[in-house]
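Visitor: I'm passing along model_4.cif; it holds mmCIF, C-alpha atoms and all ligand atoms.
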```cif
data_my_file
#
loop_
_atom_site.group_PDB
_atom_site.id
_atom_site.type_symbol
_atom_site.label_atom_id
_atom_site.label_comp_id
_atom_site.auth_asym_id
_atom_site.auth_seq_id
_atom_site.Cartn_x
_atom_site.Cartn_y
_atom_site.Cartn_z
ATOM 1 C CA MET A 1 75.282 -86.570 102.511
ATOM 2 C CA PHE A 2 71.572 -87.106 103.080
ATOM 3 C CA LYS A 3 71.104 -83.413 102.848
ATOM 4 C CA LYS A 4 73.014 -83.319 99.618
ATOM 5 C CA ILE A 5 70.880 -86.071 98.067
ATOM 6 C CA THR A 6 67.646 -84.467 99.237
ATOM 7 C CA ALA A 7 68.796 -81.161 97.878
ATOM 8 C CA SER A 8 69.738 -82.745 94.610
ATOM 9 C CA VAL A 9 66.340 -84.381 94.194
ATOM 10 C CA LEU A 10 64.485 -81.231 95.204
ATOM 11 C CA LEU A 11 66.525 -79.102 92.900
ATOM 12 C CA THR A 12 66.132 -81.444 89.965
ATOM 13 C CA VAL A 13 62.383 -81.466 90.457
ATOM 14 C CA PHE A 14 62.334 -77.683 90.764
ATOM 15 C CA VAL A 15 64.485 -77.173 87.690
ATOM 16 C CA ILE A 16 62.497 -79.616 85.580
ATOM 17 C CA CYS A 17 59.192 -78.126 86.679
ATOM 18 C CA SER A 18 60.132 -74.507 86.341
ATOM 19 C CA SER A 19 62.074 -74.747 83.114
ATOM 20 C CA ALA A 20 59.479 -76.978 81.484
ATOM 21 C CA PHE A 21 56.677 -74.684 82.564
ATOM 22 C CA VAL A 22 58.427 -71.526 81.516
ATOM 23 C CA ILE A 23 59.538 -72.854 78.175
ATOM 24 C CA GLU A 24 56.527 -74.942 77.234
ATOM 25 C CA ASN A 25 53.699 -73.289 79.050
ATOM 26 C CA PRO A 26 53.702 -69.529 78.555
ATOM 27 C CA THR A 27 50.746 -69.175 80.899
ATOM 28 C CA TYR A 28 52.847 -70.375 83.857
ATOM 29 C CA VAL A 29 53.123 -67.585 86.355
ATOM 30 C CA GLN A 30 54.477 -67.387 89.845
ATOM 31 C CA LYS A 31 52.564 -65.332 92.377
ATOM 32 C CA GLN A 32 54.677 -63.511 94.909
ATOM 33 C CA LYS A 33 54.135 -61.114 97.780
ATOM 34 C CA LEU A 34 55.525 -57.612 97.540
ATOM 35 C CA ARG A 35 56.893 -56.933 101.015
ATOM 36 C CA ARG A 36 59.679 -54.406 100.837
ATOM 37 C CA ILE A 37 60.394 -51.562 98.407
ATOM 38 C CA VAL A 38 63.754 -49.825 98.233
ATOM 39 C CA ILE A 39 63.452 -46.177 97.192
ATOM 40 C CA ASP A 40 66.626 -44.577 95.925
ATOM 41 C CA ALA A 41 66.885 -40.793 95.649
ATOM 42 C CA GLY A 42 69.364 -40.317 92.799
ATOM 43 C CA HIS A 43 72.704 -38.529 93.359
ATOM 44 C CA GLY A 44 73.305 -36.576 96.625
ATOM 45 C CA GLY A 45 76.009 -34.685 98.509
ATOM 46 C CA SER A 46 78.880 -33.712 96.212
ATOM 47 C CA ASP A 47 77.088 -35.354 93.268
ATOM 48 C CA PHE A 48 74.569 -32.726 92.171
ATOM 49 C CA GLY A 49 73.241 -34.568 89.117
ATOM 50 C CA ALA A 50 71.628 -32.284 86.542
ATOM 51 C CA SER A 51 71.048 -28.606 87.266
ATOM 52 C CA GLY A 52 68.261 -26.316 86.117
ATOM 53 C CA LYS A 53 68.171 -22.520 86.335
ATOM 54 C CA TYR A 54 67.860 -22.530 90.095
ATOM 55 C CA SER A 55 67.715 -26.112 91.369
ATOM 56 C CA HIS A 56 69.669 -29.371 91.403
ATOM 57 C CA GLU A 57 68.608 -32.905 90.634
ATOM 58 C CA LYS A 58 69.940 -34.288 93.948
ATOM 59 C CA ASP A 59 67.492 -32.089 95.935
ATOM 60 C CA ILE A 60 64.457 -32.832 93.777
ATOM 61 C CA SER A 61 65.124 -36.577 93.684
ATOM 62 C CA LEU A 62 65.301 -36.547 97.493
ATOM 63 C CA ALA A 63 62.091 -34.503 97.877
ATOM 64 C CA VAL A 64 60.211 -36.800 95.473
ATOM 65 C CA ALA A 65 61.660 -39.932 97.133
ATOM 66 C CA LEU A 66 60.491 -38.707 100.558
ATOM 67 C CA ALA A 67 57.031 -37.865 99.154
ATOM 68 C CA LEU A 68 56.908 -41.355 97.634
ATOM 69 C CA GLU A 69 57.842 -42.961 100.950
ATOM 70 C CA LYS A 70 54.990 -41.054 102.620
ATOM 71 C CA GLU A 71 52.503 -41.965 99.896
ATOM 72 C CA ILE A 72 53.367 -45.682 99.922
ATOM 73 C CA ASN A 73 53.201 -45.813 103.725
ATOM 74 C CA ALA A 74 49.747 -44.208 103.615
ATOM 75 C CA GLN A 75 48.303 -46.152 100.669
ATOM 76 C CA ILE A 76 50.035 -49.541 100.906
ATOM 77 C CA PRO A 77 50.575 -50.052 104.647
ATOM 78 C CA ASP A 78 51.496 -53.732 104.315
ATOM 79 C CA VAL A 79 54.606 -52.804 102.346
ATOM 80 C CA GLU A 80 57.791 -51.727 104.098
ATOM 81 C CA VAL A 81 59.822 -48.897 102.605
ATOM 82 C CA TYR A 82 63.611 -48.717 102.806
ATOM 83 C CA MET A 83 65.333 -45.491 101.727
ATOM 84 C CA THR A 84 68.921 -45.499 100.386
ATOM 85 C CA ARG A 85 69.178 -41.921 101.684
ATOM 86 C CA THR A 86 66.943 -39.475 103.563
ATOM 87 C CA THR A 87 69.404 -36.585 103.692
ATOM 88 C CA ASP A 88 71.819 -34.813 101.365
ATOM 89 C CA ILE A 89 74.606 -37.387 101.462
ATOM 90 C CA PHE A 90 76.830 -38.849 98.771
ATOM 91 C CA ASP A 91 77.086 -42.599 98.252
ATOM 92 C CA ARG A 92 78.761 -44.351 95.370
ATOM 93 C CA VAL A 93 76.297 -46.333 93.274
ATOM 94 C CA THR A 94 78.013 -49.488 94.520
ATOM 95 C CA GLU A 95 77.114 -48.436 98.064
ATOM 96 C CA LYS A 96 73.510 -47.732 97.033
ATOM 97 C CA ALA A 97 73.282 -51.201 95.495
ATOM 98 C CA ASN A 98 74.824 -52.758 98.611
ATOM 99 C CA LYS A 99 72.276 -50.977 100.809
ATOM 100 C CA ALA A 100 69.388 -52.181 98.630
ATOM 101 C CA ASN A 101 70.665 -55.767 98.634
ATOM 102 C CA ALA A 102 71.323 -55.727 102.382
ATOM 103 C CA ALA A 103 67.752 -54.468 102.917
ATOM 104 C CA LYS A 104 66.547 -57.497 100.912
ATOM 105 C CA GLY A 105 64.068 -55.475 98.883
ATOM 106 C CA ASP A 106 61.536 -57.027 96.518
ATOM 107 C CA LEU A 107 61.562 -53.963 94.294
ATOM 108 C CA PHE A 108 63.967 -51.081 93.628
ATOM 109 C CA ILE A 109 62.747 -47.651 92.483
ATOM 110 C CA SER A 110 65.327 -45.000 91.667
ATOM 111 C CA ILE A 111 64.206 -41.375 91.312
ATOM 112 C CA HIS A 112 65.972 -38.982 88.936
ATOM 113 C CA CYS A 113 65.455 -35.834 86.828
ATOM 114 C CA ASN A 114 66.326 -35.428 83.195
ATOM 115 C CA ASP A 115 68.373 -32.803 81.430
ATOM 116 C CA ALA A 116 68.508 -31.998 77.723
ATOM 117 C CA GLY A 117 71.396 -29.882 76.448
ATOM 118 C CA PRO A 118 70.684 -26.591 74.611
ATOM 119 C CA ILE A 119 69.935 -26.797 70.891
ATOM 120 C CA ARG A 120 72.552 -25.231 68.564
ATOM 121 C CA HIS A 121 71.320 -23.231 65.610
ATOM 122 C CA SER A 122 73.140 -21.769 62.637
ATOM 123 C CA GLU A 123 71.609 -18.861 60.715
ATOM 124 C CA PHE A 124 72.696 -17.380 57.359
ATOM 125 C CA ILE A 125 73.356 -13.653 57.807
ATOM 126 C CA GLY A 126 74.813 -12.627 54.435
ATOM 127 C CA TYR A 127 78.020 -12.618 52.383
ATOM 128 C CA LYS A 128 81.476 -11.335 53.161
ATOM 129 C CA THR A 129 83.919 -10.381 50.403
ATOM 130 C CA GLU A 130 87.220 -12.190 50.732
ATOM 131 C CA THR A 131 90.431 -11.404 48.850
ATOM 132 C CA TYR A 132 92.596 -14.179 47.516
ATOM 133 C CA TYR A 133 95.324 -14.735 44.879
ATOM 134 C CA LYS A 134 95.223 -16.932 41.844
ATOM 135 C CA GLY A 135 98.061 -17.980 39.513
ATOM 136 C CA LYS A 136 101.807 -18.140 40.282
ATOM 137 C CA GLY A 137 104.847 -15.866 39.976
ATOM 138 C CA LYS A 138 104.305 -13.038 37.448
ATOM 139 C CA ASN A 139 100.815 -14.256 36.655
ATOM 140 C CA LYS A 140 99.713 -13.971 40.215
ATOM 141 C CA LYS A 141 96.521 -11.905 40.384
ATOM 142 C CA LYS A 142 94.438 -10.559 43.151
ATOM 143 C CA ALA A 143 90.796 -11.635 43.111
ATOM 144 C CA THR A 144 87.757 -11.502 45.373
ATOM 145 C CA ARG A 145 85.049 -13.925 46.181
ATOM 146 C CA LYS A 146 81.887 -13.923 48.256
ATOM 147 C CA VAL A 147 81.753 -16.154 51.266
ATOM 148 C CA LYS A 148 78.554 -17.049 53.141
ATOM 149 C CA GLN A 149 78.413 -15.889 56.744
ATOM 150 C CA TYR A 150 76.551 -17.643 59.567
ATOM 151 C CA ARG A 151 75.670 -16.759 63.110
ATOM 152 C CA THR A 152 75.472 -19.604 65.646
ATOM 153 C CA TYR A 153 73.413 -19.478 68.800
ATOM 154 C CA THR A 154 71.699 -21.826 71.228
ATOM 155 C CA THR A 155 68.179 -22.023 72.583
ATOM 156 C CA SER A 156 66.971 -24.009 75.562
ATOM 157 C CA ASN A 157 65.814 -27.508 74.744
ATOM 158 C CA PRO A 158 62.005 -27.828 74.875
ATOM 159 C CA ALA A 159 62.189 -31.576 75.733
ATOM 160 C CA LYS A 160 59.776 -32.433 78.515
ATOM 161 C CA GLY A 161 57.978 -35.330 80.128
ATOM 162 C CA THR A 162 58.761 -38.527 81.932
ATOM 163 C CA GLU A 163 60.558 -41.723 81.014
ATOM 164 C CA THR A 164 61.010 -44.908 82.986
ATOM 165 C CA PHE A 165 64.038 -47.103 82.387
ATOM 166 C CA ILE A 166 64.843 -50.730 82.951
ATOM 167 C CA TRP A 167 68.159 -52.404 82.229
ATOM 168 C CA GLY A 168 68.661 -53.529 78.630
ATOM 169 C CA LEU A 169 68.130 -57.186 77.764
ATOM 170 C CA ASN A 170 71.750 -57.212 76.570
ATOM 171 C CA LYS A 171 72.802 -56.575 80.189
ATOM 172 C CA THR A 172 71.230 -59.779 81.432
ATOM 173 C CA ASP A 173 74.606 -61.261 82.430
ATOM 174 C CA ALA A 174 75.223 -58.460 84.917
ATOM 175 C CA LYS A 175 71.783 -58.944 86.452
ATOM 176 C CA GLU A 176 72.307 -62.670 86.671
ATOM 177 C CA LYS A 177 75.586 -62.063 88.494
ATOM 178 C CA ALA A 178 73.770 -59.885 91.046
ATOM 179 C CA LEU A 179 71.298 -62.719 91.614
ATOM 180 C CA ARG A 180 74.134 -65.232 92.009
ATOM 181 C CA ASP A 181 75.774 -62.974 94.593
ATOM 182 C CA HIS A 182 72.519 -62.594 96.533
ATOM 183 C CA GLU A 183 70.741 -65.848 95.883
ATOM 184 C CA ASP A 184 69.409 -66.011 99.433
ATOM 185 C CA MET A 185 67.140 -63.112 98.527
ATOM 186 C CA PHE A 186 65.010 -64.974 96.067
ATOM 187 C CA LEU A 187 65.198 -68.508 97.383
ATOM 188 C CA ASP A 188 63.489 -69.382 100.610
ATOM 189 C CA SER A 189 65.938 -70.105 103.382
ATOM 190 C CA ILE A 190 65.753 -73.902 103.135
ATOM 191 C CA SER A 191 66.412 -73.982 99.407
ATOM 192 C CA ALA A 192 69.194 -71.436 99.857
ATOM 193 C CA ARG A 193 70.938 -73.617 102.403
ATOM 194 C CA GLU A 194 70.569 -76.635 100.198
ATOM 195 C CA LEU A 195 71.783 -74.794 97.168
ATOM 196 C CA GLN A 196 75.005 -73.973 98.967
ATOM 197 C CA ASP A 197 75.976 -77.628 98.569
ATOM 198 C CA PHE A 198 76.044 -77.140 94.840
ATOM 199 C CA ASP A 199 78.877 -75.929 92.712
ATOM 200 C CA PRO A 200 77.882 -72.440 91.502
ATOM 201 C CA ASN A 201 78.756 -73.518 87.982
ATOM 202 C CA ASP A 202 76.356 -76.433 88.150
ATOM 203 C CA PRO A 203 74.215 -76.252 84.990
ATOM 204 C CA GLU A 204 71.045 -76.945 87.001
ATOM 205 C CA LYS A 205 71.751 -73.951 89.164
ATOM 206 C CA ALA A 206 72.462 -71.871 86.088
ATOM 207 C CA ILE A 207 68.940 -72.582 84.816
ATOM 208 C CA ILE A 208 67.433 -71.267 88.052
ATOM 209 C CA TYR A 209 69.441 -68.035 87.819
ATOM 210 C CA ASN A 210 68.452 -67.712 84.231
ATOM 211 C CA ILE A 211 64.729 -68.125 84.888
ATOM 212 C CA LYS A 212 64.898 -65.731 87.816
ATOM 213 C CA THR A 213 66.721 -63.076 85.777
ATOM 214 C CA LYS A 214 64.120 -63.354 83.039
ATOM 215 C CA GLN A 215 61.307 -63.142 85.578
ATOM 216 C CA TYR A 216 62.790 -59.994 87.152
ATOM 217 C CA PHE A 217 63.139 -58.428 83.724
ATOM 218 C CA ASP A 218 59.467 -59.074 83.009
ATOM 219 C CA ARG A 219 58.403 -57.670 86.366
ATOM 220 C CA SER A 220 60.519 -54.547 85.906
ATOM 221 C CA ALA A 221 59.133 -54.089 82.397
ATOM 222 C CA ARG A 222 55.567 -54.460 83.672
ATOM 223 C CA LEU A 223 56.074 -51.832 86.348
ATOM 224 C CA ALA A 224 57.890 -49.431 83.995
ATOM 225 C CA LEU A 225 55.005 -49.603 81.502
ATOM 226 C CA THR A 226 52.481 -49.093 84.312
ATOM 227 C CA VAL A 227 54.330 -46.055 85.697
ATOM 228 C CA GLU A 228 54.283 -44.397 82.272
ATOM 229 C CA GLU A 229 50.578 -45.254 81.837
ATOM 230 C CA GLU A 230 49.843 -43.573 85.165
ATOM 231 C CA PHE A 231 51.877 -40.479 84.200
ATOM 232 C CA LYS A 232 49.787 -40.168 81.015
ATOM 233 C CA LYS A 233 46.602 -40.151 83.091
ATOM 234 C CA THR A 234 47.753 -36.945 84.825
ATOM 235 C CA GLY A 235 48.456 -35.286 81.484
ATOM 236 C CA ARG A 236 52.251 -35.414 81.730
ATOM 237 C CA PRO A 237 53.880 -36.131 78.357
ATOM 238 C CA SER A 238 55.195 -39.699 78.508
ATOM 239 C CA ARG A 239 58.416 -40.541 76.684
ATOM 240 C CA GLN A 240 57.655 -44.213 77.320
ATOM 241 C CA ALA A 241 59.174 -47.091 79.225
ATOM 242 C CA GLN A 242 62.586 -47.826 77.769
ATOM 243 C CA GLN A 243 65.395 -50.359 77.980
ATOM 244 C CA ARG A 244 68.753 -48.671 78.107
ATOM 245 C CA GLY A 245 71.161 -50.595 75.872
ATOM 246 C CA LYS A 246 74.132 -48.907 77.532
ATOM 247 C CA GLY A 247 72.820 -50.300 80.780
ATOM 248 C CA ILE A 248 72.133 -48.600 84.095
ATOM 249 C CA TRP A 249 74.609 -49.980 86.559
ATOM 250 C CA VAL A 250 72.529 -49.783 89.713
ATOM 251 C CA LEU A 251 69.500 -51.459 88.105
ATOM 252 C CA GLN A 252 71.667 -54.407 87.134
ATOM 253 C CA ALA A 253 73.488 -54.586 90.472
ATOM 254 C CA VAL A 254 70.444 -54.985 92.698
ATOM 255 C CA ALA A 255 69.096 -58.509 93.072
ATOM 256 C CA MET A 256 65.446 -57.524 92.617
ATOM 257 C CA PRO A 257 63.181 -56.083 89.913
ATOM 258 C CA ALA A 258 64.277 -52.478 89.379
ATOM 259 C CA ILE A 259 63.185 -49.315 87.562
ATOM 260 C CA LEU A 260 64.568 -45.795 87.222
ATOM 261 C CA VAL A 261 62.041 -42.970 86.871
ATOM 262 C CA GLU A 262 63.122 -39.770 85.131
ATOM 263 C CA THR A 263 60.482 -37.495 86.647
ATOM 264 C CA GLY A 264 60.897 -34.520 84.295
ATOM 265 C CA PHE A 265 63.378 -32.155 82.644
ATOM 266 C CA LEU A 266 65.256 -29.578 84.687
ATOM 267 C CA SER A 267 66.317 -27.985 81.397
ATOM 268 C CA ASN A 268 62.676 -27.096 80.705
ATOM 269 C CA GLN A 269 61.524 -24.047 82.694
ATOM 270 C CA GLU A 270 57.938 -25.182 83.077
ATOM 271 C CA GLU A 271 59.069 -28.593 84.326
ATOM 272 C CA GLU A 272 61.741 -27.206 86.645
ATOM 273 C CA ASP A 273 59.005 -25.174 88.356
ATOM 274 C CA TYR A 274 56.711 -28.228 88.508
ATOM 275 C CA LEU A 275 59.476 -30.484 89.914
ATOM 276 C CA ASN A 276 60.246 -27.903 92.610
ATOM 277 C CA SER A 277 56.614 -27.504 93.665
ATOM 278 C CA VAL A 278 55.122 -29.498 96.534
ATOM 279 C CA VAL A 279 52.072 -30.147 94.329
ATOM 280 C CA GLY A 280 54.266 -31.561 91.561
ATOM 281 C CA GLN A 281 56.299 -33.714 93.932
ATOM 282 C CA LYS A 282 53.140 -35.106 95.506
ATOM 283 C CA GLU A 283 51.580 -35.793 92.112
ATOM 284 C CA ILE A 284 54.684 -37.745 90.977
ATOM 285 C CA ALA A 285 54.644 -39.712 94.251
ATOM 286 C CA GLU A 286 50.936 -40.526 93.727
ATOM 287 C CA VAL A 287 51.540 -41.630 90.134
ATOM 288 C CA ILE A 288 54.319 -44.035 91.150
ATOM 289 C CA THR A 289 52.281 -45.306 94.118
ATOM 290 C CA ASN A 290 49.285 -46.025 91.854
ATOM 291 C CA ALA A 291 51.561 -47.955 89.512
ATOM 292 C CA VAL A 292 53.073 -49.909 92.437
ATOM 293 C CA LYS A 293 49.561 -50.763 93.658
ATOM 294 C CA ARG A 294 48.628 -52.157 90.242
ATOM 295 C CA TYR A 295 51.947 -54.029 90.016
ATOM 296 C CA LYS A 296 51.507 -55.462 93.514
ATOM 297 C CA TYR A 297 47.963 -56.597 92.739
ATOM 298 C CA THR A 298 49.028 -58.389 89.546
ATOM 299 C CA LEU A 299 52.088 -59.931 91.181
ATOM 300 C CA GLU A 300 50.143 -61.221 94.170
ATOM 301 C CA THR A 301 46.926 -62.364 92.511
ATOM 302 C CA LYS A 302 47.890 -63.405 88.998
ATOM 303 C CA GLY A 303 51.663 -63.354 88.822
ATOM 304 C CA ILE A 304 53.559 -61.739 85.978
ATOM 305 C CA ASN A 305 53.808 -63.841 82.883
ATOM 306 C CA PRO A 306 57.379 -64.630 81.854
ATOM 307 C CA GLY A 307 58.181 -63.669 78.310
ATOM 308 C CA SER A 308 55.222 -61.337 77.957
ATOM 309 C CA MET A 309 57.128 -58.077 78.115
ATOM 310 C CA ASN A 310 60.109 -58.141 75.772
ATOM 311 C CA THR A 311 58.512 -56.483 72.826
ATOM 312 C CA GLU A 312 56.619 -53.778 74.689
ATOM 313 C CA VAL A 313 59.507 -51.854 76.195
ATOM 314 C CA VAL A 314 61.289 -49.939 73.465
ATOM 315 C CA ASN A 315 65.064 -49.686 73.200
ATOM 316 C CA SER A 316 66.399 -46.318 74.196
ATOM 317 C CA ASN A 317 68.731 -44.493 71.854
ATOM 318 C CA LYS A 318 70.719 -43.231 74.824
HETATM 319 ZN ZN ZN B 401 70.214 -38.634 87.596
#
```
Write the structure described by the file as structure tokens, please.
Guide:
Amino acid sequence: MFKKITASVLLTVFVICSSAFVIENPTYVQKQKLRRIVIDAGHGGSDFGASGKYSHEKDISLAVALALEKEINAQIPDVEVYMTRTTDIFDRVTEKANKANAAKGDLFISIHCNDAGPIRHSEFIGYKTETYYKGKGKNKKKATRKVKQYRTYTTSNPAKGTETFIWGLNKTDAKEKALRDHEDMFLDSISARELQDFDPNDPEKAIIYNIKTKQYFDRSARLALTVEEEFKKTGRPSRQAQQRGKGIWVLQAVAMPAILVETGFLSNQEEEDYLNSVVGQKEIAEVITNAVKRYKYTLETKGINPGSMNTEVVNSNK
């Protein structure tokens, strides 16, 4: 009972402070240490992902993920890296999310490659004479008319560049559910134990989940924008940081800030070659590591301002 009362008082104070600060004081920021990053190589095993002329997404995402692990270990030694896979294995996305949550990551980075379908063209090639009949019975007469003829063909899609996704703001409920299911990950152990005494539908608890979900969205948005900024510095064409309205299941299912990096287009010959090269893979790993370093610095020294990101990450049309 004592515990329950203490918890109630603590929680009320926390809720009042945090909600009042977040709502009324936009400069309120919470500093936090970045300790563990979960790197997820997209697809794997029987799930090949996209395919180029000679390579598959599952192999490139793994090579880039491994290069990223190496780069982060070398450049940010105080951060631990957890890999959802290090070999060519298949896991359902639910399993990937479970692994990330069990590893209690502070950040989730999923590596993928893009694919743009061929472009269809239609070209006028001339007229064909067609015979037809007009009138009825005895008046029926044969006639001809000219009909336009077209040739259709496809060419490979020139789309190229990088894009970094976060979950859409309209998918906030799913993210909040992930936080509810893994609340011990973002509350220190004492608060977590105390919170267990509360009904999960308690409105005070709901406010905490809500604030946390919003905060994770802002952090993810900040990192996504930084990743694309870093890609631009290397001369890669950036297709921007985007929120996917349709949602990206795994990004919503992990109870931590999360981004998905589309590292380039396998449907573009120049980019398929780049993505398969050791130089390209290392460059992508360096870009993401530089962005993580900037994100980590802001998070740990200044905090990331809630509500500052919504308008900067465009909505994807996918
Ligand atoms: Zn993919």
Visitor: Please expand the PyMOL selection byres (((not hetatm)) within 8 of (chain B and resi 401)) into the concrete residues it hits in this file, giving the result as a list in words.
Guide: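 After applying the PyMOL selection byres (((not hetatm)) within 8 of (chain B and resi 401)), what remains is Gly42, His43, Gly49, Ala50, Glu57, Lys58, Ile111, His112, Cys113, Asn114 and Glu262 of chain A.
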Visitor: Can you list what the PyMOL selection byres (((chain A and resi 249-261) around 7) and not hetatm) grabs from this structure, as a count of residues only?
Guide: 31
Visitor: What's the 12 Å shell around A:Glu71, counting all atoms listed in the file, without same-chain residues fewer than 6 positions away, as number ranges by chain?
Guide: A: 64-65, 77, 79-81, 281-290, 292-293
Visitor: To one decimal place in Å, what is the distance between atom CA of A:Thr155 and atom CA of A:Asp59?
Guide: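 Between these atoms lies a distance of 25.4 Å.
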Visitor: If you measure from atom CA of A:Gly117 to atom CA of A:Pro158, what distance in Å do you get, rounded to one decimal?
Guide: 9.7 Å
Visitor: Suppose you want the space between atom CA of A:Tyr150 and atom CA of A:Gly126; what is it in Å?
Guide: 7.4 Å
Visitor: Which residues are near stretch 130-139 of chain A? Cut-off 12 Å, all atoms listed in the file, ignore same chain within fewer than 6 positions. Put them as a ChimeraX atom specification.
Guide: /A:145-149
